[in-house]
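Here's upload36.cif, which has mmCIF, C-alpha atoms:
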```cif
data_structure
#
loop_
_atom_site.group_PDB
_atom_site.id
_atom_site.type_symbol
_atom_site.label_atom_id
_atom_site.label_comp_id
_atom_site.auth_asym_id
_atom_site.auth_seq_id
_atom_site.Cartn_x
_atom_site.Cartn_y
_atom_site.Cartn_z
ATOM 1 C CA MET A 71 -13.178 1.457 -7.908
ATOM 2 C CA THR A 72 -12.714 3.889 -5.052
ATOM 3 C CA ASP A 73 -15.674 2.268 -3.270
ATOM 4 C CA ASP A 74 -13.694 -0.995 -3.095
ATOM 5 C CA ILE A 75 -11.064 0.543 -0.788
ATOM 6 C CA PRO A 76 -12.504 1.787 2.509
ATOM 7 C CA GLU A 77 -10.763 4.455 4.560
ATOM 8 C CA ARG A 78 -7.717 3.061 6.441
ATOM 9 C CA GLU A 79 -7.839 -0.255 4.606
ATOM 10 C CA ALA A 80 -5.884 -1.604 1.641
ATOM 11 C CA ARG A 81 -6.486 -3.951 -1.275
ATOM 12 C CA ALA A 82 -4.038 -5.882 -3.476
ATOM 13 C CA PHE A 83 -4.270 -6.020 -7.256
ATOM 14 C CA ASP A 84 -2.389 -8.175 -9.785
ATOM 15 C CA LEU A 85 -0.979 -6.305 -12.764
ATOM 16 C CA GLU A 86 -0.647 -7.784 -16.243
ATOM 17 C CA SER A 87 3.137 -7.513 -15.790
ATOM 18 C CA GLY A 88 2.928 -10.056 -12.951
ATOM 19 C CA GLU A 89 3.647 -7.477 -10.267
ATOM 20 C CA ILE A 90 1.312 -7.031 -7.324
ATOM 21 C CA ILE A 91 0.395 -3.583 -6.071
ATOM 22 C CA PHE A 92 -1.775 -2.448 -3.216
ATOM 23 C CA ILE A 93 -3.860 0.666 -2.865
ATOM 24 C CA THR A 94 -4.845 2.259 0.417
ATOM 25 C CA GLN A 95 -6.996 5.236 1.339
ATOM 26 C CA ARG A 96 -6.193 7.913 3.902
ATOM 27 C CA ASP A 97 -8.387 10.982 4.429
ATOM 28 C CA GLY A 98 -9.978 10.603 0.999
ATOM 29 C CA GLN A 99 -6.629 10.310 -0.819
ATOM 30 C CA PHE A 100 -5.473 7.081 -2.482
ATOM 31 C CA TYR A 101 -1.896 5.771 -2.439
ATOM 32 C CA ALA A 102 -0.471 2.835 -4.390
ATOM 33 C CA TYR A 103 2.752 0.877 -3.861
ATOM 34 C CA LEU A 104 4.397 -2.297 -5.119
ATOM 35 C CA ASN A 105 3.799 -5.152 -2.698
ATOM 36 C CA LEU A 106 7.504 -5.520 -1.854
ATOM 37 C CA CYS A 107 9.369 -4.659 1.324
ATOM 38 C CA PRO A 108 12.623 -2.866 0.416
ATOM 39 C CA HIS A 109 14.516 -4.903 3.049
ATOM 40 C CA LEU A 110 14.438 -8.392 1.465
ATOM 41 C CA GLN A 111 11.966 -7.866 -1.392
ATOM 42 C CA THR A 112 9.313 -9.971 0.379
ATOM 43 C CA GLU A 113 5.582 -9.387 0.077
ATOM 44 C CA LEU A 114 4.297 -7.157 2.853
ATOM 45 C CA GLU A 115 1.169 -8.970 4.007
ATOM 46 C CA PHE A 116 0.819 -12.455 5.473
ATOM 47 C CA LEU A 117 -2.987 -12.441 5.286
ATOM 48 C CA GLU A 118 -4.829 -11.263 2.189
ATOM 49 C CA ASN A 119 -5.179 -7.467 2.082
ATOM 50 C CA GLN A 120 -3.629 -7.007 5.565
ATOM 51 C CA PHE A 121 -1.158 -4.250 4.705
ATOM 52 C CA LEU A 122 -1.789 -1.892 7.614
ATOM 53 C CA ASP A 123 -0.896 -2.150 11.288
ATOM 54 C CA GLN A 124 -3.563 -2.928 13.875
ATOM 55 C CA ASP A 125 -4.550 0.748 14.212
ATOM 56 C CA GLY A 126 -4.661 1.333 10.437
ATOM 57 C CA GLU A 127 -2.080 4.084 10.913
ATOM 58 C CA PHE A 128 0.961 2.682 9.064
ATOM 59 C CA ILE A 129 1.767 0.165 6.345
ATOM 60 C CA GLU A 130 3.406 -2.805 8.051
ATOM 61 C CA CYS A 131 5.695 -5.550 6.754
ATOM 62 C CA SER A 132 4.468 -8.791 8.287
ATOM 63 C CA THR A 133 7.907 -10.408 7.920
ATOM 64 C CA HIS A 134 10.052 -7.825 9.707
ATOM 65 C CA GLY A 135 7.546 -5.553 11.434
ATOM 66 C CA ALA A 136 8.838 -2.530 9.529
ATOM 67 C CA LEU A 137 6.455 0.436 9.484
ATOM 68 C CA PHE A 138 5.973 2.790 6.541
ATOM 69 C CA ASN A 139 4.164 6.123 6.211
ATOM 70 C CA VAL A 140 1.015 5.776 4.119
ATOM 71 C CA GLU A 141 1.492 9.142 2.409
ATOM 72 C CA ASP A 142 5.039 8.660 1.084
ATOM 73 C CA GLY A 143 6.011 5.021 1.715
ATOM 74 C CA GLU A 144 9.031 5.953 3.832
ATOM 75 C CA CYS A 145 10.182 3.334 6.353
ATOM 76 C CA ILE A 146 10.087 4.916 9.798
ATOM 77 C CA SER A 147 10.775 1.816 11.894
ATOM 78 C CA GLY A 148 12.488 -1.508 11.264
ATOM 79 C CA PRO A 149 15.426 -2.938 9.323
ATOM 80 C CA CYS A 150 14.847 -0.822 6.206
ATOM 81 C CA GLN A 151 14.692 2.539 8.001
ATOM 82 C CA GLY A 152 15.459 5.362 5.580
ATOM 83 C CA GLU A 153 14.321 3.327 2.549
ATOM 84 C CA SER A 154 10.885 3.577 0.959
ATOM 85 C CA LEU A 155 8.269 1.465 -0.706
ATOM 86 C CA THR A 156 8.070 1.834 -4.492
ATOM 87 C CA ALA A 157 5.190 4.162 -5.295
ATOM 88 C CA VAL A 158 2.895 3.393 -8.222
ATOM 89 C CA ALA A 159 1.391 6.350 -10.080
ATOM 90 C CA ILE A 160 -2.406 6.242 -10.129
ATOM 91 C CA GLU A 161 -5.190 8.627 -11.021
ATOM 92 C CA ILE A 162 -8.773 8.775 -9.885
ATOM 93 C CA HIS A 163 -11.355 9.374 -12.603
ATOM 94 C CA SER A 164 -14.728 11.029 -12.169
ATOM 95 C CA ASP A 165 -16.393 7.619 -12.636
ATOM 96 C CA GLY A 166 -14.775 6.482 -9.359
ATOM 97 C CA GLY A 167 -12.288 4.258 -11.134
ATOM 98 C CA ILE A 168 -8.646 4.040 -10.086
ATOM 99 C CA TYR A 169 -6.303 3.761 -13.051
ATOM 100 C CA LEU A 170 -2.556 3.349 -13.474
ATOM 101 C CA LYS A 171 -0.947 6.406 -14.997
ATOM 102 C CA ALA A 172 0.683 5.672 -18.315
#
```
Here is the file; what I need is its structure written in the form of structure tokens.
Amino acid sequence: MTDDIPEREARAFDLESGEIIFITQRDGQFYAYLNLCPHLQTELEFLENQFLDQDGEFIECSTHGALFNVEDGECISGPCQGESLTAVAIEIHSDGGIYLKA
């Protein structure tokens, strides 16, 4: 639910496929990505649901310190500069639910 993801925070979710995604909120918009750094395919967070930097401004890889734009997943600093996180298509329903697009 949208209420489960506060502004400038992120939450991880396990998919039936075994993949892990995370969803974050910025200015009322929701963004979803696979929980994999493009550098070495490691999970991004080292503490549960800690996907953002200290200021809540960028997505941060805890392994390499790489920083990614929330809005498009592009790496703007670190060893994977120029690469991007893998976006996951979601849609927000009027009931407040966040659903994967088919």
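Of the residues under consideration (A:Glu153, A:Glu113, A:Asp165, A:Glu118), A:Glu118 shows the shortest atom-to-atom contact distance to Ala80 (chain A) when counting only C-alpha atoms.
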| message | For this structure, which residues satisfy the selection - the PyMOL selection byres ((chain A and resi 92-107) around 7) - when it is evaluated on the file as given? I want them as a list in words. | response | Ile75, Pro76, Glu77, Arg78, Glu79, Ala80, Arg81, Ala82, Phe83, Ile90, Ile91, Pro108, His109, Leu110, Gln111, Thr112, Glu113, Leu114, Cys131, Glu141, Leu155, Thr156, Ala157, Val158, Ala159 and Ile160 of chain A
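On the file presented, the PyMOL selection byres ((chain A and resi 71) around 8) picks out Thr72, Asp73, Asp74, Ile75, Gly166, Gly167 and Ile168 of chain A.
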| request: Translate the PyMOL selection byres ((chain A and resi 123) around 12), as applied to the file shown, into an explicit residue set as a VMD selection string. | output: chain A and resid 78 to 80 114 to 116 119 to 122 124 to 132 135 to 140
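From CA of Pro149 (chain A) back to CA of His134 (chain A), the distance works out to 7.3 Å.
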| said: Quick check, in Å to one decimal: how far apart do CA of Cys145 (chain A) and CA of His163 (chain A) lie? | reply: 29.3 Å
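Reported to one decimal place, the separation of CA of Asp142 (chain A) from CA of Glu86 (chain A) is 24.6 Å.
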